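**Q** Can you keep this structure in mind? I'll have questions shortly.
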Amino acid sequence: MPKKAEQPASFETSLQQLEQIVSRLESGELPLEEALNEFERGVQLARTGQQTLQQAEQRVRILLNDDKEGDLTAFTPEND
């Protein structure tokens, strides 16, 4: 039976996971291979979080636009 695609974690959950990864890496107690895996996961979480923040910032800018006569257009996130 095929696996269902996992729902992306919320920004807050991802941030919490990233903080846990940083704590484990800073402890210096992980074997090298495990530390590299944790680092890789941390980079993925950081990139996803950054993209989420950029999208939120763009949405806020659109909402605060002073052009009252301008038409609102649908927000479409860019794919990096």
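Residues in the structure tokens are numbered from 1 in each chain, the chains being A, B, ... in the order shown, and ligands are numbered from 1 in the order shown.
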When you look at Ser14 of chain A with a cut-off of 9 Å (counting only C-alpha atoms), what residues show up, excluding the ones that are within fewer than 3 positions of it in the same chain? I need them as a ChimeraX atom specification.
**A** /A:8-11,17-19,45-46,48-49
**Q** Based on the selection just made, write all heavy atoms of those residues as a PDB file, in the first residue's frame.
**A**
ATOM      1  N   PRO A   8       3.234  18.938   5.574  1.00  0.00           N
ATOM      2  CA  PRO A   8       4.354  19.701   6.107  1.00  0.00           C
ATOM      3  C   PRO A   8       4.029  20.181   7.519  1.00  0.00           C
ATOM      4  O   PRO A   8       2.887  20.519   7.826  1.00  0.00           O
ATOM      5  CB  PRO A   8       4.504  20.878   5.143  1.00  0.00           C
ATOM      6  CG  PRO A   8       3.303  20.864   4.278  1.00  0.00           C
ATOM      7  CD  PRO A   8       2.634  19.544   4.414  1.00  0.00           C
ATOM      8  N   ALA A   9       5.039  20.157   8.362  1.00  0.00           N
ATOM      9  CA  ALA A   9       4.858  20.604   9.733  1.00  0.00           C
ATOM     10  C   ALA A   9       4.604  22.104   9.754  1.00  0.00           C
ATOM     11  O   ALA A   9       5.016  22.836   8.850  1.00  0.00           O
ATOM     12  CB  ALA A   9       6.105  20.275  10.548  1.00  0.00           C
ATOM     13  N   SER A  10       3.926  22.562  10.781  1.00  0.00           N
ATOM     14  CA  SER A  10       3.690  23.994  10.911  1.00  0.00           C
ATOM     15  C   SER A  10       5.025  24.703  11.137  1.00  0.00           C
ATOM     16  O   SER A  10       6.023  24.080  11.513  1.00  0.00           O
ATOM     17  CB  SER A  10       2.752  24.266  12.084  1.00  0.00           C
ATOM     18  OG  SER A  10       3.418  24.017  13.315  1.00  0.00           O
ATOM     19  N   PHE A  11       5.020  25.999  10.922  1.00  0.00           N
ATOM     20  CA  PHE A  11       6.236  26.794  11.123  1.00  0.00           C
ATOM     21  C   PHE A  11       6.732  26.633  12.551  1.00  0.00           C
ATOM     22  O   PHE A  11       7.926  26.438  12.788  1.00  0.00           O
ATOM     23  CB  PHE A  11       5.956  28.268  10.803  1.00  0.00           C
ATOM     24  CG  PHE A  11       7.134  29.155  11.083  1.00  0.00           C
ATOM     25  CD1 PHE A  11       8.184  29.215  10.186  1.00  0.00           C
ATOM     26  CD2 PHE A  11       7.196  29.912  12.233  1.00  0.00           C
ATOM     27  CE1 PHE A  11       9.288  30.028  10.434  1.00  0.00           C
ATOM     28  CE2 PHE A  11       8.289  30.728  12.493  1.00  0.00           C
ATOM     29  CZ  PHE A  11       9.331  30.775  11.593  1.00  0.00           C
ATOM     30  N   GLN A  17      11.621  21.807  16.216  1.00  0.00           N
ATOM     31  CA  GLN A  17      12.497  20.716  15.799  1.00  0.00           C
ATOM     32  C   GLN A  17      13.903  21.228  15.515  1.00  0.00           C
ATOM     33  O   GLN A  17      14.893  20.586  15.876  1.00  0.00           O
ATOM     34  CB  GLN A  17      11.936  20.028  14.556  1.00  0.00           C
ATOM     35  CG  GLN A  17      10.683  19.236  14.810  1.00  0.00           C
ATOM     36  CD  GLN A  17      10.073  18.697  13.519  1.00  0.00           C
ATOM     37  OE1 GLN A  17      10.556  18.976  12.416  1.00  0.00           O
ATOM     38  NE2 GLN A  17       8.999  17.928  13.648  1.00  0.00           N
ATOM     39  N   LEU A  18      13.996  22.385  14.879  1.00  0.00           N
ATOM     40  CA  LEU A  18      15.296  22.971  14.574  1.00  0.00           C
ATOM     41  C   LEU A  18      16.052  23.308  15.858  1.00  0.00           C
ATOM     42  O   LEU A  18      17.251  23.048  15.968  1.00  0.00           O
ATOM     43  CB  LEU A  18      15.124  24.215  13.698  1.00  0.00           C
ATOM     44  CG  LEU A  18      16.392  24.892  13.208  1.00  0.00           C
ATOM     45  CD1 LEU A  18      17.275  23.924  12.432  1.00  0.00           C
ATOM     46  CD2 LEU A  18      16.040  26.101  12.348  1.00  0.00           C
ATOM     47  N   GLU A  19      15.356  23.846  16.848  1.00  0.00           N
ATOM     48  CA  GLU A  19      15.992  24.155  18.129  1.00  0.00           C
ATOM     49  C   GLU A  19      16.516  22.888  18.811  1.00  0.00           C
ATOM     50  O   GLU A  19      17.611  22.889  19.395  1.00  0.00           O
ATOM     51  CB  GLU A  19      15.002  24.876  19.046  1.00  0.00           C
ATOM     52  CG  GLU A  19      14.691  26.287  18.597  1.00  0.00           C
ATOM     53  CD  GLU A  19      13.555  26.943  19.381  1.00  0.00           C
ATOM     54  OE1 GLU A  19      12.817  26.230  20.108  1.00  0.00           O
ATOM     55  OE2 GLU A  19      13.398  28.166  19.250  1.00  0.00           O
ATOM     56  N   LEU A  45      15.078  22.254   7.424  1.00  0.00           N
ATOM     57  CA  LEU A  45      14.095  22.978   8.233  1.00  0.00           C
ATOM     58  C   LEU A  45      14.319  24.489   8.162  1.00  0.00           C
ATOM     59  O   LEU A  45      13.367  25.264   8.067  1.00  0.00           O
ATOM     60  CB  LEU A  45      14.153  22.505   9.688  1.00  0.00           C
ATOM     61  CG  LEU A  45      13.592  21.114   9.963  1.00  0.00           C
ATOM     62  CD1 LEU A  45      13.974  20.663  11.379  1.00  0.00           C
ATOM     63  CD2 LEU A  45      12.090  21.101   9.783  1.00  0.00           C
ATOM     64  N   ALA A  46      15.580  24.904   8.201  1.00  0.00           N
ATOM     65  CA  ALA A  46      15.894  26.331   8.141  1.00  0.00           C
ATOM     66  C   ALA A  46      15.474  26.928   6.796  1.00  0.00           C
ATOM     67  O   ALA A  46      14.898  28.025   6.751  1.00  0.00           O
ATOM     68  CB  ALA A  46      17.388  26.548   8.372  1.00  0.00           C
ATOM     69  N   THR A  48      13.136  25.790   4.731  1.00  0.00           N
ATOM     70  CA  THR A  48      11.670  25.803   4.684  1.00  0.00           C
ATOM     71  C   THR A  48      11.118  26.944   5.522  1.00  0.00           C
ATOM     72  O   THR A  48      10.199  27.655   5.102  1.00  0.00           O
ATOM     73  CB  THR A  48      11.101  24.458   5.174  1.00  0.00           C
ATOM     74  OG1 THR A  48      11.618  23.413   4.348  1.00  0.00           O
ATOM     75  CG2 THR A  48       9.592  24.445   5.123  1.00  0.00           C
ATOM     76  N   GLY A  49      11.686  27.143   6.702  1.00  0.00           N
ATOM     77  CA  GLY A  49      11.248  28.236   7.579  1.00  0.00           C
ATOM     78  C   GLY A  49      11.497  29.590   6.946  1.00  0.00           C
ATOM     79  O   GLY A  49      10.646  30.484   7.014  1.00  0.00           O
TER      80      GLY A  49
END
**Q** Write out as a ChimeraX atom specification which residues come within 12 Å of Gln20 of chain A when counting only C-alpha atoms, dropping same-chain ones fewer than 6 positions away.
**A** /A:13-14,26-27,38-39,41-42,45
**Q** Can you write out the residues you just picked, keeping C-alpha atoms, as a PDB file, in the first residue's frame?
**A**
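So selection18.pdb came out as:
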ATOM      1  CA  THR A  13       6.720  22.812  14.925  1.00  0.00           C
ATOM      2  CA  SER A  14       9.579  23.118  12.447  1.00  0.00           C
ATOM      3  CA  GLU A  26      25.955  21.676  20.302  1.00  0.00           C
ATOM      4  CA  SER A  27      26.192  18.922  22.892  1.00  0.00           C
ATOM      5  CA  GLU A  38      20.924  16.003  11.989  1.00  0.00           C
ATOM      6  CA  PHE A  39      22.752  18.892  10.318  1.00  0.00           C
ATOM      7  CA  ARG A  41      17.714  17.921   8.508  1.00  0.00           C
ATOM      8  CA  GLY A  42      18.405  21.243  10.241  1.00  0.00           C
ATOM      9  CA  LEU A  45      14.095  22.978   8.233  1.00  0.00           C
TER      10      LEU A  45
END
**Q** Could you work out how far atom CA of Glu57 of chain A lies from atom CA of Leu15 of chain A, giving the answer in Å with one decimal?
**A**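 So the two atoms, atom CA of Leu15 of chain A and atom CA of Glu57 of chain A, lie 17.3 Å apart.
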**Q** For atom CA of Glu29 of chain A and atom CA of Arg47 of chain A, quote the distance in Å rounded to one decimal.
**A**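 Separation of atom CA of Glu29 of chain A and atom CA of Arg47 of chain A: 25.1 Å.
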